[in-house]
$ cat my_file-v6.cif   # mmCIF, C-alpha atoms
data_final
#
loop_
_atom_site.label_atom_id
_atom_site.label_comp_id
_atom_site.auth_asym_id
_atom_site.auth_seq_id
_atom_site.Cartn_x
_atom_site.Cartn_y
_atom_site.Cartn_z
CA MET A 208 43.19 90.58 11.11
CA THR A 209 39.75 91.99 10.42
CA GLU A 210 37.52 89.78 8.31
CA PRO A 211 36.49 91.42 5.05
CA LEU A 212 32.84 92.42 4.95
CA VAL A 213 30.95 91.12 1.93
CA GLY A 214 27.46 92.51 1.39
CA VAL A 215 24.81 90.34 -0.26
CA VAL A 216 21.80 92.19 -1.66
CA THR A 217 18.35 90.64 -1.28
CA PHE A 218 15.82 91.69 -3.91
CA PRO A 219 12.20 90.51 -3.91
CA GLY A 220 12.62 87.09 -5.51
CA SER A 221 16.30 86.54 -4.68
CA LEU A 222 16.92 82.87 -3.86
CA ASP A 223 20.62 82.41 -3.34
CA ASP A 224 21.29 85.27 -0.95
CA ARG A 225 21.52 82.91 2.04
CA ASP A 226 23.86 80.50 0.24
CA ALA A 227 26.05 83.43 -0.76
CA LEU A 228 26.19 84.69 2.86
CA ARG A 229 27.01 81.15 4.02
CA ALA A 230 29.72 80.75 1.40
CA VAL A 231 31.32 84.03 2.50
CA ARG A 232 31.31 82.81 6.09
CA LEU A 233 32.65 79.33 5.26
CA MET A 234 35.48 80.91 3.28
CA GLY A 235 36.50 83.18 6.15
CA GLY A 236 34.70 86.46 5.49
CA GLU A 237 31.81 88.15 7.19
CA GLY A 238 28.56 88.23 5.24
CA VAL A 239 26.41 91.34 5.57
CA PRO A 240 22.76 91.08 4.44
CA LEU A 241 21.72 94.14 2.41
CA TRP A 242 18.16 95.07 1.42
CA HIS A 243 17.27 96.31 -2.07
CA ALA A 244 15.10 99.17 -0.80
CA GLU A 245 17.79 100.66 1.48
CA PRO A 246 20.25 102.87 -0.41
CA ASP A 247 23.04 101.92 2.00
CA LEU A 248 25.92 99.46 1.63
CA SER A 249 26.75 99.50 5.38
CA GLY A 250 30.45 100.05 4.70
CA VAL A 251 31.08 96.65 3.09
CA ASP A 252 34.31 95.85 1.24
CA ALA A 253 32.63 93.91 -1.60
CA VAL A 254 29.10 93.40 -2.91
CA ILE A 255 27.41 90.27 -4.27
CA LEU A 256 24.18 90.44 -6.28
CA PRO A 257 22.88 86.90 -5.83
CA GLY A 258 20.89 84.52 -8.00
CA GLY A 259 17.15 84.11 -8.09
CA PHE A 260 14.21 85.59 -9.93
CA SER A 261 14.04 89.22 -8.85
CA TYR A 262 10.59 90.66 -9.56
CA GLY A 263 9.58 87.31 -11.05
CA ASP A 264 11.82 88.00 -14.08
CA TYR A 265 8.96 90.15 -15.35
CA LEU A 266 9.64 92.14 -18.52
CA ARG A 267 13.25 90.87 -18.74
CA THR A 268 15.52 89.22 -16.20
CA GLY A 269 17.02 91.94 -14.01
CA ALA A 270 15.14 94.74 -15.80
CA ILE A 271 13.25 95.97 -12.75
CA ALA A 272 15.81 95.14 -10.05
CA ARG A 273 18.35 97.42 -11.73
CA PHE A 274 16.23 100.41 -10.65
CA ALA A 275 16.13 99.35 -6.96
CA PRO A 276 17.25 102.12 -4.57
CA ILE A 277 20.39 100.20 -3.55
CA MET A 278 21.60 100.02 -7.17
CA GLU A 279 22.67 103.68 -7.19
CA GLU A 280 24.94 102.85 -4.24
CA VAL A 281 26.25 99.75 -6.00
CA ARG A 282 26.97 101.87 -9.08
CA ALA A 283 28.86 104.46 -7.00
CA PHE A 284 30.76 101.71 -5.14
CA ALA A 285 31.77 100.15 -8.46
CA ALA A 286 32.85 103.55 -9.80
CA ARG A 287 35.18 103.89 -6.77
CA GLY A 288 36.76 100.54 -7.69
CA GLY A 289 34.88 98.39 -5.18
CA PRO A 290 34.61 94.67 -6.03
CA VAL A 291 31.12 93.79 -7.31
CA VAL A 292 30.04 90.26 -8.24
CA GLY A 293 26.81 89.32 -9.99
CA ILE A 294 25.84 85.66 -9.92
CA CYS A 295 23.16 84.39 -12.34
CA ASN A 296 20.27 86.83 -11.78
CA GLY A 297 22.86 89.21 -10.34
CA PHE A 298 24.77 88.97 -13.64
CA GLN A 299 21.55 89.74 -15.52
CA ILE A 300 20.96 92.77 -13.27
CA LEU A 301 24.51 94.11 -13.85
CA CYS A 302 24.07 93.79 -17.62
CA GLU A 303 20.71 95.54 -17.49
CA ALA A 304 22.29 98.29 -15.37
CA GLY A 305 24.99 98.77 -18.00
CA LEU A 306 27.73 97.92 -15.47
CA LEU A 307 28.70 94.94 -17.63
CA PRO A 308 28.61 94.57 -21.41
CA GLY A 309 26.18 92.28 -23.25
CA ALA A 310 22.92 90.68 -22.19
CA LEU A 311 21.48 87.30 -21.24
CA ILE A 312 18.64 85.81 -23.29
CA ARG A 313 16.70 82.54 -23.18
CA ASN A 314 18.79 79.37 -23.40
CA ARG A 315 19.36 78.12 -26.95
CA GLN A 316 17.53 74.84 -26.21
CA LEU A 317 14.70 76.75 -24.45
CA ARG A 318 14.87 74.47 -21.43
CA PHE A 319 15.88 75.39 -17.92
CA VAL A 320 19.29 73.86 -17.30
CA CYS A 321 20.43 72.60 -13.89
CA ARG A 322 23.73 70.73 -13.81
CA TRP A 323 27.43 70.83 -13.02
CA VAL A 324 29.63 72.51 -15.57
CA ASP A 325 33.33 73.18 -15.94
CA VAL A 326 34.51 76.71 -16.59
CA ARG A 327 37.94 77.84 -17.69
CA VAL A 328 39.51 80.92 -16.15
CA GLU A 329 40.36 83.37 -18.96
CA THR A 330 41.85 86.27 -16.99
CA SER A 331 43.13 86.93 -13.50
CA LEU A 332 41.87 90.51 -13.75
CA SER A 333 38.59 90.20 -11.83
CA PRO A 334 37.48 89.97 -8.21
CA LEU A 335 36.71 86.25 -8.67
CA THR A 336 39.93 85.26 -10.42
CA ALA A 337 42.61 87.44 -8.82
CA GLY A 338 45.55 85.14 -8.19
CA LEU A 339 44.19 82.36 -10.42
CA VAL A 340 46.04 81.24 -13.51
CA PRO A 341 44.28 81.55 -16.89
CA GLY A 342 43.55 78.04 -18.14
CA GLU A 343 42.60 76.74 -14.70
CA VAL A 344 39.33 74.74 -14.80
CA LEU A 345 36.76 75.01 -12.00
CA ARG A 346 33.66 72.85 -11.47
CA VAL A 347 30.53 74.76 -10.45
CA PRO A 348 26.78 74.30 -11.01
CA VAL A 349 24.48 76.25 -13.34
CA LYS A 350 20.69 76.56 -12.96
CA HIS A 351 19.00 79.01 -15.26
CA GLY A 352 16.52 79.42 -18.09
CA GLU A 353 17.98 82.62 -19.50
CA GLY A 354 21.74 82.38 -19.48
CA GLN A 355 22.66 82.64 -23.14
CA PHE A 356 25.21 85.46 -23.28
CA VAL A 357 24.87 87.70 -26.34
CA ALA A 358 26.30 91.05 -27.39
CA SER A 359 26.23 93.21 -30.49
CA PRO A 360 29.03 92.38 -32.98
CA HIS A 361 30.74 95.64 -32.00
CA ASP A 362 30.56 94.90 -28.25
CA LEU A 363 31.59 91.29 -28.76
CA LYS A 364 34.71 92.37 -30.61
CA ARG A 365 35.56 94.74 -27.78
CA ILE A 366 34.85 92.10 -25.11
CA GLU A 367 37.16 89.61 -26.79
CA SER A 368 39.93 91.98 -27.86
CA GLN A 369 40.16 93.66 -24.45
CA GLY A 370 40.14 90.41 -22.49
CA LEU A 371 36.83 91.04 -20.74
CA VAL A 372 35.85 87.36 -20.81
CA VAL A 373 36.46 85.93 -17.32
CA PHE A 374 35.08 82.37 -17.70
CA ARG A 375 34.18 80.06 -20.59
CA TYR A 376 32.26 76.77 -20.47
CA CYS A 377 34.66 73.94 -21.27
CA SER A 378 35.40 70.24 -20.87
CA PRO A 379 37.02 69.00 -17.64
CA ASP A 380 40.42 69.37 -19.32
CA GLY A 381 39.70 72.90 -20.51
CA ALA A 382 38.75 72.26 -24.16
CA LEU A 383 36.02 74.40 -25.74
CA GLU A 384 33.40 72.02 -27.14
CA ASP A 385 29.89 72.96 -28.17
CA GLU A 386 28.26 70.18 -26.10
CA ARG A 387 29.86 71.67 -22.97
CA ASN A 388 28.04 74.94 -23.53
CA PRO A 389 24.85 74.61 -21.44
CA ASN A 390 22.89 77.50 -22.95
CA GLY A 391 24.35 78.41 -26.33
CA ALA A 392 26.27 81.38 -24.97
CA THR A 393 28.23 83.26 -27.65
CA ASN A 394 31.86 82.08 -27.69
CA ALA A 395 30.98 79.85 -24.68
CA ILE A 396 31.08 82.93 -22.46
CA ALA A 397 30.08 82.09 -18.87
CA GLY A 398 31.27 85.32 -17.24
CA VAL A 399 32.56 88.79 -18.13
CA ARG A 400 34.11 91.75 -16.34
CA ASN A 401 34.05 95.51 -16.84
CA ASP A 402 36.94 97.52 -18.29
CA ALA A 403 38.35 98.43 -14.88
CA GLY A 404 38.28 94.78 -13.77
CA ASN A 405 36.41 95.31 -10.49
CA VAL A 406 32.92 94.25 -11.63
CA VAL A 407 32.33 90.65 -12.72
CA GLY A 408 29.23 88.65 -13.59
CA LEU A 409 28.78 84.94 -14.26
CA MET A 410 25.91 82.51 -14.80
CA PRO A 411 27.38 79.59 -12.76
CA HIS A 412 26.98 79.54 -8.98
CA PRO A 413 30.26 79.52 -7.03
CA GLU A 414 28.29 79.93 -3.78
CA HIS A 415 26.86 76.41 -4.24
CA ALA A 416 30.35 74.95 -4.69
CA VAL A 417 32.32 75.75 -1.55
CA ASP A 418 31.29 72.89 0.74
CA PRO A 419 32.88 69.46 0.00
CA ASP A 420 29.93 67.79 1.77
CA VAL A 421 27.58 68.77 -1.07
CA GLY A 422 29.71 68.36 -4.19
CA ALA A 423 32.54 69.93 -6.12
CA THR A 424 34.37 72.91 -4.68
CA GLY A 425 35.13 75.02 -7.75
CA GLY A 426 33.62 78.00 -5.95
CA GLN A 427 36.34 78.01 -3.28
CA PRO A 428 39.09 79.62 -5.38
CA MET A 429 36.57 82.23 -6.56
CA PHE A 430 35.56 83.15 -3.02
CA ASP A 431 39.22 83.14 -1.96
CA ALA A 432 39.87 85.65 -4.73
CA LEU A 433 36.85 87.73 -3.75
CA LEU A 434 37.86 87.81 -0.08
CA SER A 435 41.40 88.88 -0.94
CA SER A 436 40.03 91.57 -3.29
CA ALA A 437 37.79 92.72 -0.44
CA SER A 438 40.62 92.54 2.12
CA ALA A 439 42.65 94.90 -0.03
CA ARG A 440 39.98 97.48 0.81
CA VAL A 441 39.66 96.83 4.58
CA MET B 174 -5.29 114.75 -20.96
CA ARG B 175 -4.86 111.00 -21.04
CA PHE B 176 -3.24 109.29 -23.99
CA THR B 177 -3.10 105.59 -24.76
CA PHE B 178 -0.14 103.91 -26.38
CA GLU B 179 0.70 100.47 -27.65
CA VAL B 180 4.37 99.56 -27.74
CA LEU B 181 5.84 96.52 -29.46
CA VAL B 182 9.17 95.20 -28.14
CA GLN B 183 11.08 92.66 -30.24
CA LEU B 184 14.50 91.05 -30.26
CA LYS B 185 16.76 92.71 -32.81
CA PRO B 186 16.47 91.04 -36.22
CA ASP B 187 20.09 89.82 -36.19
CA LEU B 188 19.54 87.93 -32.92
CA LEU B 189 18.21 84.39 -33.07
CA ASP B 190 14.86 84.27 -31.22
CA PRO B 191 14.70 80.94 -29.34
CA GLN B 192 10.98 81.36 -28.55
CA GLY B 193 10.07 82.11 -32.13
CA LYS B 194 12.11 79.13 -33.26
CA ALA B 195 10.26 76.83 -30.84
CA VAL B 196 6.87 78.05 -32.04
CA GLU B 197 7.97 77.62 -35.64
CA GLY B 198 9.20 74.12 -34.87
CA ALA B 199 5.82 73.14 -33.41
CA LEU B 200 3.76 74.23 -36.40
CA PRO B 201 4.57 71.35 -38.81
CA ALA B 202 3.25 68.86 -36.23
CA LEU B 203 -0.12 70.58 -36.57
CA GLY B 204 -0.02 70.32 -40.33
CA TRP B 205 1.17 73.84 -41.11
CA THR B 206 4.31 73.28 -43.12
CA ASN B 207 4.32 76.62 -44.95
CA VAL B 208 5.16 78.97 -42.04
CA SER B 209 8.54 80.55 -41.40
CA GLY B 210 10.00 83.69 -39.87
CA VAL B 211 8.17 83.35 -36.53
CA ARG B 212 9.39 85.87 -33.95
CA VAL B 213 7.92 86.40 -30.50
CA GLY B 214 7.81 89.88 -28.97
CA LYS B 215 6.04 91.76 -26.21
CA HIS B 216 3.03 94.03 -26.55
CA VAL B 217 2.72 96.74 -23.89
CA GLU B 218 -0.27 99.04 -23.39
CA LEU B 219 0.09 102.32 -21.50
CA ILE B 220 -2.00 105.32 -20.49
CA VAL B 221 -0.03 108.55 -20.02
CA GLU B 222 -1.29 111.81 -18.54
CA ALA B 223 0.32 114.76 -20.27
CA GLU B 224 -0.29 118.24 -21.68
CA ASP B 225 -0.45 117.04 -25.25
CA GLU B 226 0.27 114.01 -27.38
CA GLU B 227 3.76 115.17 -28.29
CA ALA B 228 4.82 115.33 -24.62
CA ALA B 229 3.20 111.96 -23.94
CA ARG B 230 4.96 110.38 -26.90
CA ALA B 231 8.34 111.77 -25.83
CA GLN B 232 7.82 110.23 -22.42
CA VAL B 233 6.82 106.86 -23.88
CA GLU B 234 9.92 106.87 -26.06
CA GLU B 235 12.10 107.53 -23.02
CA LEU B 236 10.53 104.83 -20.88
CA ALA B 237 10.56 102.36 -23.76
CA ASP B 238 14.29 103.04 -24.12
CA ARG B 239 15.10 102.80 -20.42
CA LEU B 240 12.76 100.11 -19.14
CA LEU B 241 10.46 98.43 -21.67
CA SER B 242 13.34 97.43 -23.93
CA ASN B 243 17.01 96.63 -23.49
CA PRO B 244 18.74 98.41 -26.39
CA VAL B 245 21.53 95.81 -26.32
CA ILE B 246 19.20 93.09 -27.59
CA GLU B 247 15.83 94.66 -28.39
CA GLU B 248 14.13 97.37 -30.37
CA TYR B 249 10.72 98.91 -29.87
CA THR B 250 8.03 100.40 -32.07
CA ILE B 251 5.14 102.62 -30.98
CA LEU B 252 2.30 100.86 -32.79
CA ARG B 253 -0.54 103.19 -32.00
CA ALA B 254 -1.30 106.29 -29.97
CA GLY B 255 -4.67 107.76 -29.10
CA GLN B 256 -6.51 109.92 -26.65
CA VAL B 257 -8.71 108.42 -23.94
CA GLY B 258 -12.38 109.23 -24.49
CA ARG B 259 -12.07 109.97 -28.17
#

$ encode --input "my_file-v6.cif" --output "structure tokens"
Amino acid sequence: MTEPLVGVVTFPGSLDDRDALRAVRLMGGEGVPLWHAEPDLSGVDAVILPGGFSYGDYLRTGAIARFAPIMEEVRAFAARGGPVVGICNGFQILCEAGLLPGALIRNRQLRFVCRWVDVRVETSLSPLTAGLVPGEVLRVPVKHGEGQFVASPHDLKRIESQGLVVFRYCSPDGALEDERNPNGATNAIAGVRNDAGNVVGLMPHPEHAVDPDVGATGGQPMFDALLSSASARV
Amino acid sequence: MRFTFEVLVQLKPDLLDPQGKAVEGALPALGWTNVSGVRVGKHVELIVEAEDEEAARAQVEELADRLLSNPVIEEYTILRAGQVGR
């Protein structure tokens, strides 16, 4: 069987592109490095926009990266139903690009947060949760200064009523408690998807949670889901 | 002709501004206990080459909408416009 090809875009200031490529490889896919300035996805079956600080987070997180030449290709790929995942800064870029609803602003407590969190799967309709059961809890790390998810009251209503929330911060047994919310995100939202269910963004880092030698492995089921979503396109 | 603009970008009023809140929280320690409503925004200066001020302003509005602000969370105001050399 051919391994699914997962492209990982490097922007100036991306940090987690190598970890994302490594996670793809560890989980049985083939990682394809992509460059922000090249409007070419090299025929990949899925795209990851990785974490980091593209363009130094100047102006707003993701605000400048969204206009990178490769983003038009990512937009077209998403419009054709291709699986697109934005992690942390990648999530911020997808929101800025209008491919996902809402926005990410500075953490409620103003401090950068770097720790393990638990997230609860809210829907199996996304490239990171296909085949997972809603209610399942996964342990993954967060590390961000601007991860507080917000949306206008109108958008928030739509996000909730149409089941666009993919992950919420929770306790290890899946309970929603304010002290489990690392950044003050509205309704404890850690990740959302688009209407079609092929674009997903999240603040936590599944790519740092696939190797049992370095901690929890909550990222494994997410990468399994991503690789099967990508395989469906091979 | 070259036109100068100043654009103010702020979080929408119904969004809590964590930076403004932090600044406000620091003020009492310095003895200022009578300050509230602190909000932190961004001030952007631009010079635009255009036929006339109307065209320049239209362009500033478009770029403020698309890049300088994120309409999901922010709003912008053109504070001042002028012509270079006047």

$ closest_residue --input "my_file-v6.cif" --among "B:Ala229, B:His216, B:Ile251, B:Ile246" --to "chain A" --atoms "only C-alpha atoms"
B:Ile246

$ resolve_selection --input "my_file-v6.cif" --expression "the PyMOL selection byres ((chain B and resi 239) around 12)" --output "JSON, numbers by chain"
{"A": [270, 271, 273, 274, 303, 304, 305], "B": [232, 233, 234, 235, 236, 237, 238, 240, 241, 242, 243, 244, 245, 247, 248, 249]}

$ resolve_selection --input "my_file-v6.cif" --expression "the PyMOL selection byres ((chain A and resi 428) around 10)" --output "list in words"
Met234, Leu335, Thr336, Ala337, Gly338, Leu339, Leu345, Pro413, Ala416, Val417, Thr424, Gly425, Gly426, Gln427, Met429, Phe430, Asp431, Ala432, Leu433 and Leu434 of chain A

$ closest_atom_pairs --input "my_file-v6.cif" --of "chain A" --to "chain B" --cutoff "8 Å" --atoms "only C-alpha atoms" --output "CSV"
residue,atom,partner,partner_atom,distance
A:Leu266,CA,B:Leu241,CA,7.1
A:Ala270,CA,B:Leu240,CA,6.8
A:Ile271,CA,B:Leu240,CA,7.6
A:Glu303,CA,B:Asn243,CA,7.1
A:Gly309,CA,B:Val245,CA,6.6
A:Ala310,CA,B:Val245,CA,6.7
A:Arg313,CA,B:Pro191,CA,6.7
A:Asn314,CA,B:Pro191,CA,7.4
A:Arg315,CA,B:Pro191,CA,5.9
A:Gln316,CA,B:Pro191,CA,7.4
A:Leu317,CA,B:Pro191,CA,6.4
A:Val357,CA,B:Ile246,CA,7.9
A:Ala358,CA,B:Val245,CA,6.8
A:Ser359,CA,B:Val245,CA,6.8

$ resolve_selection --input "my_file-v6.cif" --expression "the PyMOL selection byres ((chain A and resi 211-228) around 7)" --output "PyMOL selection string"
chain A and resi 209-210+229-232+236-243+251-263+414-415+434+437-438+441

$ closest_residue --input "my_file-v6.cif" --among "B:Val211, B:Val196, B:Val257, B:Val182" --to "Ala223 of chain B" --atoms "all atoms listed in the file"
B:Val257

$ atom_distance --input "my_file-v6.cif" --atom1 "atom CA of Val324 of chain A" --atom2 "atom CA of Val406 of chain A"
22.3 Å

$ axis_aligned_box --input "my_file-v6.cif" --around "segment 245-254 of chain B" --padding-each-side "4 Å" --output "lines of an AutoDock Vina configuration file"
center_x = 10.1
center_y = 99.7
center_z = -29.6
size_x = 30.8
size_y = 21.2
size_z = 14.5

$ residues_around --input "my_file-v6.cif" --residues "Glu222 of chain B" --least-positions-apart "3" --cutoff "12 Å" --atoms "only C-alpha atoms" --output "ChimeraX atom specification"
/B:174-178,219,225-230,232-233,255-257

$ residues_near_point --input "my_file-v6.cif" --point "(30.1, 96.5, -22.0)" --cutoff "9 Å" --atoms "all atoms listed in the file" --output "ChimeraX atom specification"
/A:302,305-309,358,362-363,365-366,371,399-402

$ atom_distance --input "my_file-v6.cif" --atom1 "atom CA of Ala286 of chain A" --atom2 "atom CA of Arg327 of chain A"
27.4 Å

$ atom_distance --input "my_file-v6.cif" --atom1 "atom CA of Ala397 of chain A" --atom2 "atom CA of Val349 of chain A"
9.8 Å

$ residues_near_point --input "my_file-v6.cif" --point "(3.0, 102.9, -28.5)" --cutoff "6 Å" --atoms "only C-alpha atoms" --output "list of chain:residue names"
B:Phe178, B:Glu179, B:Val180, B:Ile251, B:Leu252, B:Arg253, B:Ala254

$ decode --input "my_file-v6.cif" --residues "segment 211-224 of chain B" --atoms "C-alpha atoms" --output "compact mmCIF listing (two decimals), in the first residue's frame"
# COMPACT_ATOMS: atom_id res chain seq x y z
CA VAL B 211 -8.04 50.96 29.79
CA ARG B 212 -7.89 49.40 26.31
CA VAL B 213 -4.74 48.79 24.29
CA GLY B 214 -4.79 49.15 20.50
CA LYS B 215 -2.39 49.59 17.62
CA HIS B 216 -1.47 52.81 15.87
CA VAL B 217 -0.34 52.45 12.25
CA GLU B 218 1.14 55.21 10.09
CA LEU B 219 1.11 54.94 6.30
CA ILE B 220 2.13 56.95 3.25
CA VAL B 221 0.10 56.22 0.10
CA GLU B 222 0.83 57.41 -3.42
CA ALA B 223 -2.39 58.09 -5.28
CA GLU B 224 -4.15 60.45 -7.69
